[in-house]
>>> print(open('target_28.cif').read())   # mmCIF, C-alpha atoms
data_target
loop_
_atom_site.label_atom_id
_atom_site.label_comp_id
_atom_site.auth_asym_id
_atom_site.auth_seq_id
_atom_site.Cartn_x
_atom_site.Cartn_y
_atom_site.Cartn_z
CA MET C 1 83.17 -73.78 3.80
CA LYS C 2 81.79 -70.30 3.29
CA PRO C 3 83.46 -68.55 0.33
CA ALA C 4 85.71 -65.67 1.23
CA ARG C 5 84.58 -62.27 0.08
CA ASN C 6 87.68 -60.33 1.04
CA GLY C 7 89.80 -61.31 -1.94
CA PRO C 8 90.61 -59.50 -5.16
CA ALA C 9 86.96 -58.84 -5.93
CA ALA C 10 86.57 -56.95 -2.71
CA GLY C 11 85.51 -53.85 -4.61
CA GLN C 12 82.37 -55.68 -5.70
CA SER C 13 81.63 -57.05 -2.24
CA ILE C 14 81.82 -53.82 -0.25
CA ASP C 15 78.23 -52.78 -1.01
CA TYR C 16 76.97 -56.31 -0.40
CA ARG C 17 78.71 -56.58 2.95
CA SER C 18 77.46 -53.17 4.06
CA LEU C 19 73.91 -54.05 3.06
CA VAL C 20 73.99 -57.34 4.97
CA VAL C 21 75.42 -55.64 8.05
CA VAL C 22 72.90 -52.80 7.97
CA LEU C 23 69.94 -55.18 7.56
CA LEU C 24 70.80 -58.11 9.82
CA SER C 25 72.39 -56.30 12.76
CA PRO C 26 69.25 -54.26 13.59
CA LEU C 27 67.20 -57.46 13.44
CA ALA C 28 69.45 -59.03 16.06
CA PHE C 29 69.21 -55.89 18.19
CA ALA C 30 65.41 -55.86 17.82
CA LEU C 31 65.04 -59.45 18.98
CA VAL C 32 67.27 -58.92 22.01
CA PHE C 33 65.35 -55.79 22.96
CA ALA C 34 62.04 -57.58 22.41
CA SER C 35 63.24 -60.31 24.78
CA TRP C 36 64.06 -57.72 27.43
CA THR C 37 60.61 -56.15 27.20
CA ILE C 38 58.89 -59.48 27.78
CA PHE C 39 58.66 -58.61 31.47
CA ALA C 40 57.29 -55.15 30.66
CA VAL C 41 54.04 -56.82 29.61
CA LEU C 42 54.30 -60.31 31.08
CA GLY C 43 55.48 -58.95 34.44
CA VAL C 44 52.26 -56.97 34.90
CA GLU C 45 50.25 -60.18 34.52
CA LEU C 46 52.64 -62.09 36.80
CA LYS C 47 52.41 -59.34 39.40
CA ARG C 48 48.67 -59.82 39.53
CA SER C 49 48.59 -63.61 39.43
CA LEU C 50 51.63 -64.39 41.62
CA GLY C 51 51.37 -61.43 43.96
CA PHE C 52 54.63 -59.64 43.17
CA GLY C 53 55.13 -56.39 45.05
CA GLU C 54 56.12 -53.12 43.38
CA VAL C 55 59.77 -53.45 44.41
CA GLN C 56 59.87 -57.05 43.17
CA PHE C 57 58.35 -55.99 39.86
CA ALA C 58 60.87 -53.16 39.45
CA THR C 59 63.75 -55.52 40.28
CA LEU C 60 62.48 -57.98 37.69
CA LEU C 61 62.48 -55.24 35.06
CA ALA C 62 65.93 -54.06 36.11
CA MET C 63 67.62 -57.47 36.14
CA PRO C 64 68.17 -57.85 32.34
CA LEU C 65 69.38 -54.25 32.19
CA PHE C 66 71.85 -54.73 35.03
CA THR C 67 73.44 -57.92 33.69
CA GLY C 68 73.36 -56.42 30.21
CA ALA C 69 75.33 -53.41 31.42
CA LEU C 70 77.93 -55.69 33.00
CA ALA C 71 78.21 -57.73 29.80
CA ALA C 72 78.38 -54.85 27.30
CA LEU C 73 82.02 -53.81 27.61
CA PRO C 74 83.54 -57.32 27.99
CA MET C 75 81.56 -58.56 25.00
CA ALA C 76 82.66 -55.57 22.94
CA MET C 77 86.27 -56.38 23.80
CA LEU C 78 85.66 -60.01 22.90
CA ALA C 79 84.23 -58.88 19.56
CA ARG C 80 87.52 -57.14 18.80
CA ARG C 81 89.39 -60.40 19.38
CA VAL C 82 87.13 -62.96 17.71
CA GLY C 83 84.83 -60.82 15.53
CA GLY C 84 81.53 -59.06 16.10
CA ARG C 85 79.56 -61.51 13.98
CA ARG C 86 80.63 -64.49 16.07
CA VAL C 87 79.83 -62.71 19.34
CA MET C 88 76.42 -61.63 18.06
CA ILE C 89 75.56 -65.18 17.04
CA GLY C 90 76.83 -66.55 20.35
CA CYS C 91 74.78 -64.08 22.40
CA LEU C 92 71.64 -64.78 20.39
CA LEU C 93 72.06 -68.50 21.04
CA LEU C 94 72.85 -67.80 24.69
CA ILE C 95 69.49 -66.21 25.45
CA CYS C 96 67.52 -69.11 23.95
CA PRO C 97 67.60 -71.39 27.03
CA PHE C 98 66.55 -68.46 29.22
CA LEU C 99 63.60 -67.69 26.94
CA TRP C 100 62.57 -71.31 27.31
CA GLY C 101 63.21 -71.11 31.04
CA ILE C 102 60.69 -68.28 31.48
CA SER C 103 57.90 -70.62 30.41
CA LEU C 104 59.04 -73.14 33.05
CA SER C 105 59.47 -70.60 35.86
CA ARG C 106 57.05 -70.71 38.76
CA GLY C 107 58.75 -68.77 41.57
CA TYR C 108 60.14 -65.25 41.74
CA ALA C 109 63.75 -66.48 41.91
CA ASP C 110 63.21 -68.42 38.67
CA PHE C 111 62.04 -65.32 36.86
CA LEU C 112 64.97 -63.31 38.20
CA LEU C 113 67.42 -65.93 36.94
CA ALA C 114 65.77 -65.95 33.52
CA GLY C 115 65.89 -62.16 33.40
CA ALA C 116 69.57 -62.15 34.30
CA GLY C 117 70.23 -64.58 31.46
CA LEU C 118 68.33 -62.45 28.97
CA GLY C 119 70.57 -59.54 29.96
CA LEU C 120 73.54 -61.39 28.48
CA GLY C 121 72.02 -60.61 25.11
CA ALA C 122 73.44 -57.11 25.58
CA GLY C 123 76.69 -58.61 24.38
CA SER C 124 75.01 -58.86 20.99
CA LEU C 125 74.20 -55.14 21.13
CA ALA C 126 77.76 -54.14 21.97
CA ALA C 127 79.29 -56.54 19.46
CA GLY C 128 76.82 -55.38 16.82
CA LEU C 129 77.86 -51.78 17.41
CA VAL C 130 81.49 -52.72 16.81
CA TYR C 131 80.46 -54.79 13.79
CA VAL C 132 78.45 -51.98 12.16
CA ALA C 133 81.22 -49.47 12.87
CA ALA C 134 83.74 -51.77 11.17
CA LEU C 135 81.78 -52.81 8.08
CA GLY C 136 79.11 -50.14 7.71
CA PRO C 137 79.32 -47.55 4.91
CA ARG C 138 81.76 -44.80 5.91
CA ARG C 139 80.01 -42.02 4.03
CA HIS C 140 76.72 -42.78 5.78
CA VAL C 141 77.98 -44.23 9.04
CA GLY C 142 75.54 -42.11 11.04
CA LEU C 143 72.62 -43.53 9.10
CA ALA C 144 73.98 -47.07 9.51
CA LEU C 145 74.39 -46.62 13.28
CA GLY C 146 70.95 -45.03 13.45
CA LEU C 147 69.39 -47.98 11.65
CA TYR C 148 71.17 -50.30 14.04
CA GLY C 149 69.92 -48.40 17.07
CA ALA C 150 66.40 -48.47 15.66
CA GLY C 151 66.39 -52.12 16.67
CA MET C 152 64.73 -50.79 19.84
CA LEU C 153 61.55 -50.99 17.77
CA GLY C 154 61.62 -54.64 18.79
CA ALA C 155 59.68 -53.50 21.85
CA GLY C 156 56.72 -53.06 19.53
CA LEU C 157 56.74 -56.80 18.82
CA THR C 158 56.27 -57.46 22.51
CA TYR C 159 53.67 -54.72 22.95
CA CYS C 160 51.52 -55.94 20.07
CA LEU C 161 51.82 -59.72 20.23
CA LEU C 162 52.47 -60.70 23.83
CA PRO C 163 49.09 -59.62 25.30
CA LEU C 164 47.25 -61.44 22.50
CA ILE C 165 49.28 -64.63 22.85
CA SER C 166 49.05 -64.60 26.62
CA ARG C 167 45.29 -64.13 26.57
CA ALA C 168 44.70 -66.79 23.90
CA TYR C 169 47.16 -69.49 24.94
CA GLY C 170 48.50 -68.54 28.35
CA TRP C 171 51.68 -66.68 29.27
CA PRO C 172 54.04 -69.75 29.29
CA LEU C 173 53.78 -70.05 25.50
CA ALA C 174 54.68 -66.42 24.77
CA PRO C 175 58.47 -66.60 25.46
CA LYS C 176 58.79 -69.79 23.41
CA LEU C 177 57.54 -68.02 20.30
CA TYR C 178 60.60 -65.74 20.41
CA LEU C 179 62.90 -68.72 19.93
CA LEU C 180 62.23 -69.24 16.21
CA PRO C 181 63.04 -65.67 15.05
CA VAL C 182 66.11 -65.55 17.32
CA LEU C 183 67.46 -68.79 15.85
CA LEU C 184 66.58 -67.66 12.32
CA VAL C 185 68.50 -64.37 12.61
CA ALA C 186 71.48 -66.20 14.12
CA LEU C 187 71.43 -68.56 11.12
CA LEU C 188 71.23 -65.66 8.67
CA LEU C 189 74.20 -63.98 10.33
CA TRP C 190 76.17 -67.21 10.11
CA VAL C 191 75.37 -67.83 6.43
CA PHE C 192 75.33 -64.39 4.83
CA ALA C 193 77.42 -62.05 6.99
CA ASP C 194 81.18 -61.68 6.74
CA ASP C 195 83.68 -61.29 9.55
CA GLU C 196 85.15 -57.82 9.95
CA PRO C 197 88.93 -57.32 10.04
CA LEU C 198 90.11 -58.02 13.58
CA GLY C 199 92.26 -55.77 15.68
CA ARG C 200 92.18 -52.38 17.30
CA SER C 201 92.05 -50.39 14.09
CA SER C 202 89.28 -52.36 12.42
CA ALA C 203 87.15 -49.24 12.24
CA VAL C 204 89.86 -47.33 10.43
CA GLY C 205 91.60 -47.69 7.14
CA SER C 206 88.62 -48.75 5.09
CA PRO C 207 88.88 -48.02 1.40
CA ARG C 208 85.50 -46.36 1.54
CA SER C 209 85.36 -42.64 1.47
CA GLY C 210 84.28 -40.52 4.41
CA PRO C 211 85.71 -38.88 7.48
CA SER C 212 88.21 -40.92 9.42
CA PRO C 213 87.66 -41.30 13.16
CA ARG C 214 90.12 -39.55 15.42
CA ARG C 215 92.53 -41.54 17.51
CA PHE C 216 92.71 -40.94 21.21
CA ALA C 217 95.31 -41.81 23.74
CA ALA C 218 94.26 -44.00 26.63
CA GLY C 219 94.17 -42.50 30.08
CA ARG C 220 95.66 -44.05 33.15
CA PHE C 221 95.08 -47.78 33.61
CA GLY C 222 93.90 -47.99 29.99
CA LEU C 223 90.70 -46.03 30.67
CA PRO C 224 89.19 -43.80 27.97
CA PRO C 225 89.93 -40.08 28.29
CA LEU C 226 87.57 -37.56 29.82
CA ALA C 227 86.03 -36.54 26.49
CA VAL C 228 84.81 -40.09 25.91
CA TRP C 229 83.33 -40.28 29.41
CA ARG C 230 81.44 -37.03 28.85
CA LEU C 231 79.89 -38.21 25.59
CA ALA C 232 79.19 -41.66 27.05
CA LEU C 233 77.46 -40.16 30.10
CA TYR C 234 75.33 -37.92 27.91
CA TYR C 235 74.41 -40.85 25.67
CA SER C 236 73.63 -42.98 28.72
CA PHE C 237 70.84 -40.61 29.71
CA PHE C 238 69.03 -40.93 26.36
CA TYR C 239 69.69 -44.65 26.03
CA GLY C 240 68.96 -45.53 29.66
CA THR C 241 65.83 -43.40 29.89
CA PHE C 242 64.44 -44.77 26.66
CA VAL C 243 65.05 -48.40 27.62
CA ALA C 244 63.71 -47.98 31.16
CA LEU C 245 60.56 -46.19 30.02
CA ALA C 246 59.99 -48.80 27.31
CA LEU C 247 59.85 -51.39 30.10
CA TRP C 248 58.00 -49.27 32.64
CA LEU C 249 55.31 -47.52 30.59
CA PRO C 250 52.85 -50.41 30.01
CA GLY C 251 52.49 -50.98 33.75
CA TYR C 252 52.46 -47.25 34.49
CA LEU C 253 49.73 -46.52 31.95
CA ALA C 254 47.64 -49.46 33.12
CA ALA C 255 47.80 -48.24 36.73
CA GLN C 256 47.55 -44.48 36.13
CA TYR C 257 44.70 -44.55 33.63
CA GLN C 258 43.07 -47.89 34.54
CA LEU C 259 43.67 -49.28 31.06
CA PRO C 260 43.56 -52.92 30.01
CA LEU C 261 47.06 -54.30 29.57
CA GLN C 262 46.77 -54.61 25.80
CA GLN C 263 45.60 -51.02 25.41
CA ALA C 264 48.33 -49.76 27.75
CA ALA C 265 50.97 -51.63 25.72
CA LEU C 266 49.70 -50.12 22.47
CA ALA C 267 49.78 -46.65 24.01
CA ALA C 268 53.40 -47.25 25.07
CA LEU C 269 54.16 -48.12 21.45
CA LEU C 270 53.60 -44.44 20.61
CA PHE C 271 56.73 -43.73 22.64
CA THR C 272 59.01 -46.46 21.29
CA LEU C 273 58.03 -46.12 17.61
CA PRO C 274 59.02 -42.42 17.28
CA GLY C 275 62.14 -43.20 19.31
CA GLY C 276 63.30 -45.82 16.84
CA LEU C 277 62.49 -43.72 13.79
CA GLY C 278 64.08 -40.68 15.42
CA GLN C 279 67.31 -42.61 15.85
CA ILE C 280 67.49 -43.12 12.08
CA LEU C 281 66.80 -39.42 11.54
CA GLY C 282 69.39 -38.41 14.13
CA GLY C 283 72.07 -40.57 12.52
CA ALA C 284 71.28 -39.19 9.08
CA LEU C 285 71.44 -35.60 10.41
CA ALA C 286 74.77 -36.33 12.10
CA ASP C 287 76.21 -37.38 8.73
CA ARG C 288 75.59 -33.84 7.52
CA ARG C 289 76.39 -31.68 10.53
CA ASP C 290 77.92 -31.72 14.00
CA PHE C 291 75.55 -32.81 16.77
CA ARG C 292 76.90 -30.09 19.07
CA ASP C 293 74.61 -27.57 17.36
CA LEU C 294 71.62 -29.88 17.76
CA ARG C 295 72.06 -31.33 21.23
CA TRP C 296 70.72 -28.29 23.09
CA TRP C 297 67.53 -28.26 21.04
CA VAL C 298 67.04 -31.97 21.63
CA SER C 299 67.73 -31.61 25.35
CA ALA C 300 65.39 -28.61 25.61
CA VAL C 301 62.52 -30.55 24.01
CA VAL C 302 63.08 -33.56 26.31
CA MET C 303 63.33 -31.32 29.39
CA THR C 304 60.12 -29.50 28.49
CA CYS C 305 58.27 -32.80 28.09
CA LEU C 306 59.65 -34.10 31.39
CA PHE C 307 58.57 -30.89 33.11
CA PHE C 308 54.93 -31.42 32.15
CA LEU C 309 55.07 -35.19 32.70
CA SER C 310 56.33 -34.54 36.23
CA TYR C 311 53.18 -32.69 37.23
CA PRO C 312 50.92 -34.92 39.35
CA ASP C 313 47.17 -34.53 39.54
CA PHE C 314 46.33 -31.77 41.99
CA SER C 315 43.50 -29.57 43.24
CA MET C 316 43.93 -26.03 44.53
CA GLN C 317 41.54 -23.56 46.10
CA ILE C 318 42.21 -19.83 45.74
CA HIS C 319 40.49 -17.31 48.00
CA GLY C 320 39.54 -14.54 45.57
CA ILE C 321 37.88 -11.18 46.07
CA HIS C 322 34.52 -12.39 44.85
CA GLY C 323 34.75 -15.86 46.33
CA ASP C 324 36.80 -19.02 46.22
CA LEU C 325 38.22 -20.34 42.97
CA ALA C 326 38.77 -24.09 42.67
CA LEU C 327 41.44 -25.32 40.26
CA HIS C 328 42.00 -28.92 39.30
CA PHE C 329 44.67 -30.40 37.05
CA SER C 330 44.73 -33.93 35.70
CA MET C 331 46.87 -34.90 32.71
CA PRO C 332 44.56 -36.51 30.14
CA LEU C 333 45.69 -39.69 28.42
CA VAL C 334 45.84 -37.94 25.05
CA GLY C 335 48.11 -35.22 26.43
CA PHE C 336 50.31 -37.76 28.20
CA VAL C 337 50.76 -39.83 25.05
CA ALA C 338 51.43 -36.70 22.96
CA LEU C 339 54.22 -35.68 25.34
CA LEU C 340 55.65 -39.21 25.26
CA THR C 341 55.60 -39.24 21.46
CA THR C 342 57.41 -35.90 21.25
CA MET C 343 59.94 -36.95 23.87
CA GLY C 344 60.53 -40.32 22.22
CA LEU C 345 61.26 -38.66 18.88
CA ALA C 346 63.68 -36.18 20.47
CA MET C 347 65.44 -38.96 22.40
CA GLY C 348 65.81 -40.98 19.23
CA ILE C 349 67.39 -38.05 17.42
CA GLY C 350 69.71 -37.55 20.39
CA LYS C 351 70.81 -41.18 20.49
CA GLY C 352 71.41 -41.44 16.76
CA SER C 353 73.36 -38.20 16.59
CA LEU C 354 75.40 -38.88 19.71
CA MET C 355 76.48 -42.32 18.57
CA CYS C 356 77.62 -40.90 15.24
CA LEU C 357 79.53 -38.17 17.07
CA LEU C 358 81.12 -40.78 19.32
CA TYR C 359 82.22 -42.72 16.24
CA ARG C 360 83.49 -39.62 14.44
CA GLU C 361 85.57 -38.45 17.38
CA HIS C 362 86.72 -41.75 18.91
CA GLY C 363 85.89 -44.46 16.41
CA ASP C 364 89.45 -45.78 16.26
CA ASP C 365 88.55 -47.61 19.48
CA MET C 366 84.81 -48.16 19.15
CA VAL C 367 85.18 -51.08 21.54
CA ARG C 368 85.87 -48.88 24.54
CA SER C 369 83.94 -45.79 23.52
CA GLY C 370 80.79 -47.57 22.29
CA GLY C 371 81.00 -50.31 24.91
CA LEU C 372 81.36 -47.73 27.66
CA ALA C 373 78.33 -45.80 26.40
CA LEU C 374 76.17 -48.94 26.35
CA ALA C 375 77.43 -50.06 29.77
CA LEU C 376 76.68 -46.71 31.41
CA GLY C 377 73.33 -46.55 29.67
CA GLY C 378 72.44 -50.03 30.88
CA LEU C 379 73.36 -49.20 34.47
CA PHE C 380 71.27 -46.02 34.35
CA ALA C 381 68.35 -47.96 32.83
CA ALA C 382 68.62 -50.59 35.58
CA LEU C 383 68.53 -47.87 38.22
CA LEU C 384 65.41 -46.15 36.91
CA PRO C 385 62.68 -48.76 37.66
CA LEU C 386 63.81 -48.85 41.29
CA MET C 387 63.88 -45.05 41.41
CA PHE C 388 60.34 -44.95 40.04
CA VAL C 389 59.11 -47.31 42.75
CA LEU C 390 61.02 -45.64 45.55
CA GLY C 391 59.68 -42.28 44.40
CA ASN C 392 56.16 -43.64 44.60
CA GLU C 393 56.77 -45.08 48.07
CA TRP C 394 58.75 -42.22 49.63
CA ILE C 395 57.17 -39.20 47.97
CA GLY C 396 53.79 -40.79 47.37
CA ILE C 397 53.57 -39.31 43.85
CA ARG C 398 53.37 -41.56 40.82
CA THR C 399 55.14 -39.00 38.60
CA ALA C 400 58.21 -38.84 40.87
CA GLY C 401 60.16 -40.87 38.30
CA PHE C 402 59.78 -38.13 35.72
CA MET C 403 60.96 -35.60 38.32
CA PHE C 404 64.12 -37.67 38.77
CA LEU C 405 64.67 -37.80 35.01
CA TYR C 406 64.25 -34.03 34.81
CA ALA C 407 66.98 -33.53 37.42
CA ALA C 408 69.25 -36.12 35.76
CA LEU C 409 68.98 -34.37 32.40
CA ALA C 410 69.85 -31.05 34.02
CA VAL C 411 73.03 -32.62 35.41
CA CYS C 412 73.92 -34.08 32.00
CA MET C 413 73.45 -30.70 30.34
CA LEU C 414 75.75 -29.09 32.88
CA LEU C 415 78.39 -31.73 32.15
CA MET C 416 78.11 -31.11 28.42
CA ARG C 417 78.14 -27.36 28.95
CA TRP C 418 81.65 -27.70 30.33
CA ASP C 419 83.63 -28.06 27.11
CA PRO C 420 87.43 -28.22 27.33
CA ARG C 421 87.63 -27.02 23.71
CA SER C 422 86.51 -23.56 24.81
CA ARG C 423 89.73 -23.16 26.81
CA THR C 424 92.28 -25.62 25.49
CA GLY C 425 91.25 -26.14 21.88
CA VAL C 426 91.00 -29.92 22.46
CA VAL C 427 88.20 -31.75 20.65
CA ALA C 428 85.67 -32.82 23.31
#
>>> encode(input="target_28.cif", output="structure tokens")
Amino acid sequence: MKPARNGPAAGQSIDYRSLVVVLLSPLAFALVFASWTIFAVLGVELKRSLGFGEVQFATLLAMPLFTGALAALPMAMLARRVGGRRVMIGCLLLICPFLWGISLSRGYADFLLAGAGLGLGAGSLAAGLVYVAALGPRRHVGLALGLYGAGMLGAGLTYCLLPLISRAYGWPLAPKLYLLPVLLVALLLWVFADDEPLGRSSAVGSPRSGPSPRRFAAGRFGLPPLAVWRLALYYSFFYGTFVALALWLPGYLAAQYQLPLQQAALAALLFTLPGGLGQILGGALADRRDFRDLRWWVSAVVMTCLFFLSYPDFSMQIHGIHGDLALHFSMPLVGFVALLTTMGLAMGIGKGSLMCLLYREHGDDMVRSGGLALALGGLFAALLPLMFVLGNEWIGIRTAGFMFLYAALAVCMLLMRWDPRSRTGVVA
């Protein structure tokens, strides 16, 4: 039986528990996210070899995100009842048969089923968020949540290793290699991590110093109040856009710039890596100051990047006084990657800061507030690959997806611009 660490010597175990939570939870997040991005690289190869269409490919990318969005809130609620550690371990074990099933899949329906099963790993993300909020260090909760969110760097594992493994040994072996680290992290969580105190107020009342989260009253039918929805919707843009682009970019870069798959995946890494590191920076900044002063700068940077990324290649002829002037614009790969890097860093700062703000304002019920943010973000992420494809088909412009993101961010900024505090004095 594992020795209890919540007894009289709890004062000596607080730092140990926080350290274990901060280190192991991001590893679990990273492995789940790496499993989701398998189809970002593997799907491009399958599309070529098995003849998947663009809509089929987009649906395959969206399937883990869709089922993950559906699982996020229920799994967060389950974590409140049985403990975040147990739910994280269960979800990690749950995705193992689906990882194995990818290697056995031969038809499109098989891959869809495997993708839907991988999406259940989102329960580990939601439960981990509740777990970190309950046991993470109060004084540096933003940093702890930022480190947890940086688990999105797990996409880099897929980008770097999957093309090499697939080329050397064939694609069926690649998903099987994820099984060992998934099982290892589940074992480490079982052996070294403690269970958090159960119940609604598990995020409150810790002996550690730091600001206490505010309590909020539930709306009708037990739904979170409007302020939580506003923050969750704003977070869903950064989270959903980042996740969707992490899955979409390898295929986009390979098609747009005629790159080999491995080179396209490494170029996409320059988007995900700053995003993960930016999330740590955003959480640390949110520990020191309110994100409300920072959000407009972050949003302005992302909107500027999306504006330039939305421009398709074009040629224009101007009839001048002394003759015709021919203009041609084509975004070079270096410029495209530079914009992605800048946008990824800004999105990471936004996600880290927003999650800390969500905890600070509504952390007494991190289950509903955090679970809602992840659920909305997952639904938005699942929508984006289909919007990218439909934009290509209907508009005939490959950059139509970035145009959609530009418009979506404008809507989110308008929602955040409307602040009830300016008229009622209520914390938004």
>>> closest_residue(input="target_28.cif", among="C:Val185, C:Leu233, C:Ala375, C:Val337", to="Leu249 in chain C", atoms="all atoms listed in the file")
C:Val337
>>> residues_around(input="target_28.cif", residues="Asp287 in chain C", least_positions_apart="2", cutoff="7 Å", atoms="all atoms listed in the file", output="VMD selection string")
chain C and resid 140 142 283 to 285 289
>>> residues_around(input="target_28.cif", residues="range 278-280 of chain C", least_positions_apart="5", cutoff="8 Å", atoms="only C-alpha atoms", output="ChimeraX atom specification")
/C:143,145-147,149-150,344-353
>>> residues_near_point(input="target_28.cif", point="(58.0, -32.3, 28.7)", cutoff="12 Å", atoms="only C-alpha atoms", output="ChimeraX atom specification")
/C:298-311,335-344,346-347,402-403,405-406,409
>>> resolve_selection(input="target_28.cif", expression="the PyMOL selection byres ((chain C and resi 93) around 12)", output="MDAnalysis selection string")
chainID C and resid 28 31:32 86:92 94:100 117:118 120:121 123:124 178:187 189:190
>>> atom_distance(input="target_28.cif", atom1="CA of Phe57 in chain C", atom2="CA of Leu247 in chain C")
10.9 Å
>>> residues_near_point(input="target_28.cif", point="(62.9, -55.9, 19.8)", cutoff="6 Å", atoms="all atoms listed in the file", output="list in words")
Ala30, Leu31, Val32, Phe33, Ala34, Met152, Leu153, Gly154 and Ala155 of chain C
>>> closest_residue(input="target_28.cif", among="C:Tyr159, C:Tyr359, C:Trp36, C:Phe52", to="Ala267 in chain C", atoms="all atoms listed in the file")
C:Tyr159
>>> atom_distance(input="target_28.cif", atom1="CA of Met77 in chain C", atom2="CA of Leu60 in chain C")
27.6 Å
>>> closest_residue(input="target_28.cif", among="C:Val367, C:Leu273, C:Leu266, C:Tyr234", to="Gly128 in chain C", atoms="only C-alpha atoms")
C:Val367
>>> closest_residue(input="target_28.cif", among="C:Thr59, C:Ser369, C:Ser25, C:Gln262", to="Met387 in chain C", atoms="all atoms listed in the file")
C:Thr59
>>> atom_distance(input="target_28.cif", atom1="CA of Leu390 in chain C", atom2="CA of Gln56 in chain C")
11.7 Å
>>> closest_residue(input="target_28.cif", among="C:Thr158, C:Ser315, C:Ser236, C:Ser330", to="Ser35 in chain C", atoms="only C-alpha atoms")
C:Thr158
>>> closest_residue(input="target_28.cif", among="C:Ala381, C:Val20, C:Met331, C:Ala227", to="Asp195 in chain C", atoms="only C-alpha atoms")
C:Val20
>>> residues_around(input="target_28.cif", residues="Glu45 in chain C", least_positions_apart="5", cutoff="9 Å", atoms="only C-alpha atoms", output="list in words")
Leu50, Trp171 and Leu261 of chain C
>>> resolve_selection(input="target_28.cif", expression="the PyMOL selection byres ((chain C and resi 376) around 12)", output="number ranges by chain")
C: 65-73, 228-241, 368-375, 377-383
>>> write_last_selection(input="target_28.cif", atoms="C-alpha atoms", output="mmCIF file, in the frame of the given file")
data_model
loop_
_atom_site.group_PDB
_atom_site.id
_atom_site.type_symbol
_atom_site.label_atom_id
_atom_site.label_comp_id
_atom_site.auth_asym_id
_atom_site.auth_seq_id
_atom_site.Cartn_x
_atom_site.Cartn_y
_atom_site.Cartn_z
ATOM 1 C CA LEU C 65 69.380 -54.250 32.190
ATOM 2 C CA PHE C 66 71.850 -54.730 35.030
ATOM 3 C CA THR C 67 73.440 -57.920 33.690
ATOM 4 C CA GLY C 68 73.360 -56.420 30.210
ATOM 5 C CA ALA C 69 75.330 -53.410 31.420
ATOM 6 C CA LEU C 70 77.930 -55.690 33.000
ATOM 7 C CA ALA C 71 78.210 -57.730 29.800
ATOM 8 C CA ALA C 72 78.380 -54.850 27.300
ATOM 9 C CA LEU C 73 82.020 -53.810 27.610
ATOM 10 C CA VAL C 228 84.810 -40.090 25.910
ATOM 11 C CA TRP C 229 83.330 -40.280 29.410
ATOM 12 C CA ARG C 230 81.440 -37.030 28.850
ATOM 13 C CA LEU C 231 79.890 -38.210 25.590
ATOM 14 C CA ALA C 232 79.190 -41.660 27.050
ATOM 15 C CA LEU C 233 77.460 -40.160 30.100
ATOM 16 C CA TYR C 234 75.330 -37.920 27.910
ATOM 17 C CA TYR C 235 74.410 -40.850 25.670
ATOM 18 C CA SER C 236 73.630 -42.980 28.720
ATOM 19 C CA PHE C 237 70.840 -40.610 29.710
ATOM 20 C CA PHE C 238 69.030 -40.930 26.360
ATOM 21 C CA TYR C 239 69.690 -44.650 26.030
ATOM 22 C CA GLY C 240 68.960 -45.530 29.660
ATOM 23 C CA THR C 241 65.830 -43.400 29.890
ATOM 24 C CA ARG C 368 85.870 -48.880 24.540
ATOM 25 C CA SER C 369 83.940 -45.790 23.520
ATOM 26 C CA GLY C 370 80.790 -47.570 22.290
ATOM 27 C CA GLY C 371 81.000 -50.310 24.910
ATOM 28 C CA LEU C 372 81.360 -47.730 27.660
ATOM 29 C CA ALA C 373 78.330 -45.800 26.400
ATOM 30 C CA LEU C 374 76.170 -48.940 26.350
ATOM 31 C CA ALA C 375 77.430 -50.060 29.770
ATOM 32 C CA GLY C 377 73.330 -46.550 29.670
ATOM 33 C CA GLY C 378 72.440 -50.030 30.880
ATOM 34 C CA LEU C 379 73.360 -49.200 34.470
ATOM 35 C CA PHE C 380 71.270 -46.020 34.350
ATOM 36 C CA ALA C 381 68.350 -47.960 32.830
ATOM 37 C CA ALA C 382 68.620 -50.590 35.580
ATOM 38 C CA LEU C 383 68.530 -47.870 38.220
#
>>> decode(input="target_28.cif", residues="range 101-107 of chain C", atoms="N, CA and C atoms", output="PDB file, in the first residue's frame")
ATOM      1  N   GLY C 101      -4.456  -0.101 -32.349  1.00  0.00           N
ATOM      2  CA  GLY C 101      -5.406  -0.319 -33.437  1.00  0.00           C
ATOM      3  C   GLY C 101      -5.052   0.439 -34.697  1.00  0.00           C
ATOM      4  N   ILE C 102      -4.352   1.570 -34.580  1.00  0.00           N
ATOM      5  CA  ILE C 102      -3.955   2.311 -35.786  1.00  0.00           C
ATOM      6  C   ILE C 102      -3.065   1.448 -36.669  1.00  0.00           C
ATOM      7  N   SER C 103      -2.155   0.715 -36.037  1.00  0.00           N
ATOM      8  CA  SER C 103      -1.235  -0.122 -36.813  1.00  0.00           C
ATOM      9  C   SER C 103      -1.957  -1.267 -37.514  1.00  0.00           C
ATOM     10  N   LEU C 104      -3.142  -1.650 -37.014  1.00  0.00           N
ATOM     11  CA  LEU C 104      -3.909  -2.736 -37.624  1.00  0.00           C
ATOM     12  C   LEU C 104      -4.967  -2.235 -38.602  1.00  0.00           C
ATOM     13  N   SER C 105      -5.154  -0.917 -38.659  1.00  0.00           N
ATOM     14  CA  SER C 105      -6.211  -0.354 -39.509  1.00  0.00           C
ATOM     15  C   SER C 105      -5.816  -0.452 -40.971  1.00  0.00           C
ATOM     16  N   ARG C 106      -6.817  -0.715 -41.794  1.00  0.00           N
ATOM     17  CA  ARG C 106      -6.587  -0.796 -43.240  1.00  0.00           C
ATOM     18  C   ARG C 106      -7.587   0.045 -44.029  1.00  0.00           C
ATOM     19  N   GLY C 107      -8.767   0.262 -43.494  1.00  0.00           N
ATOM     20  CA  GLY C 107      -9.776   1.062 -44.172  1.00  0.00           C
ATOM     21  C   GLY C 107      -9.986   2.390 -43.479  1.00  0.00           C
TER      22      GLY C 107
END
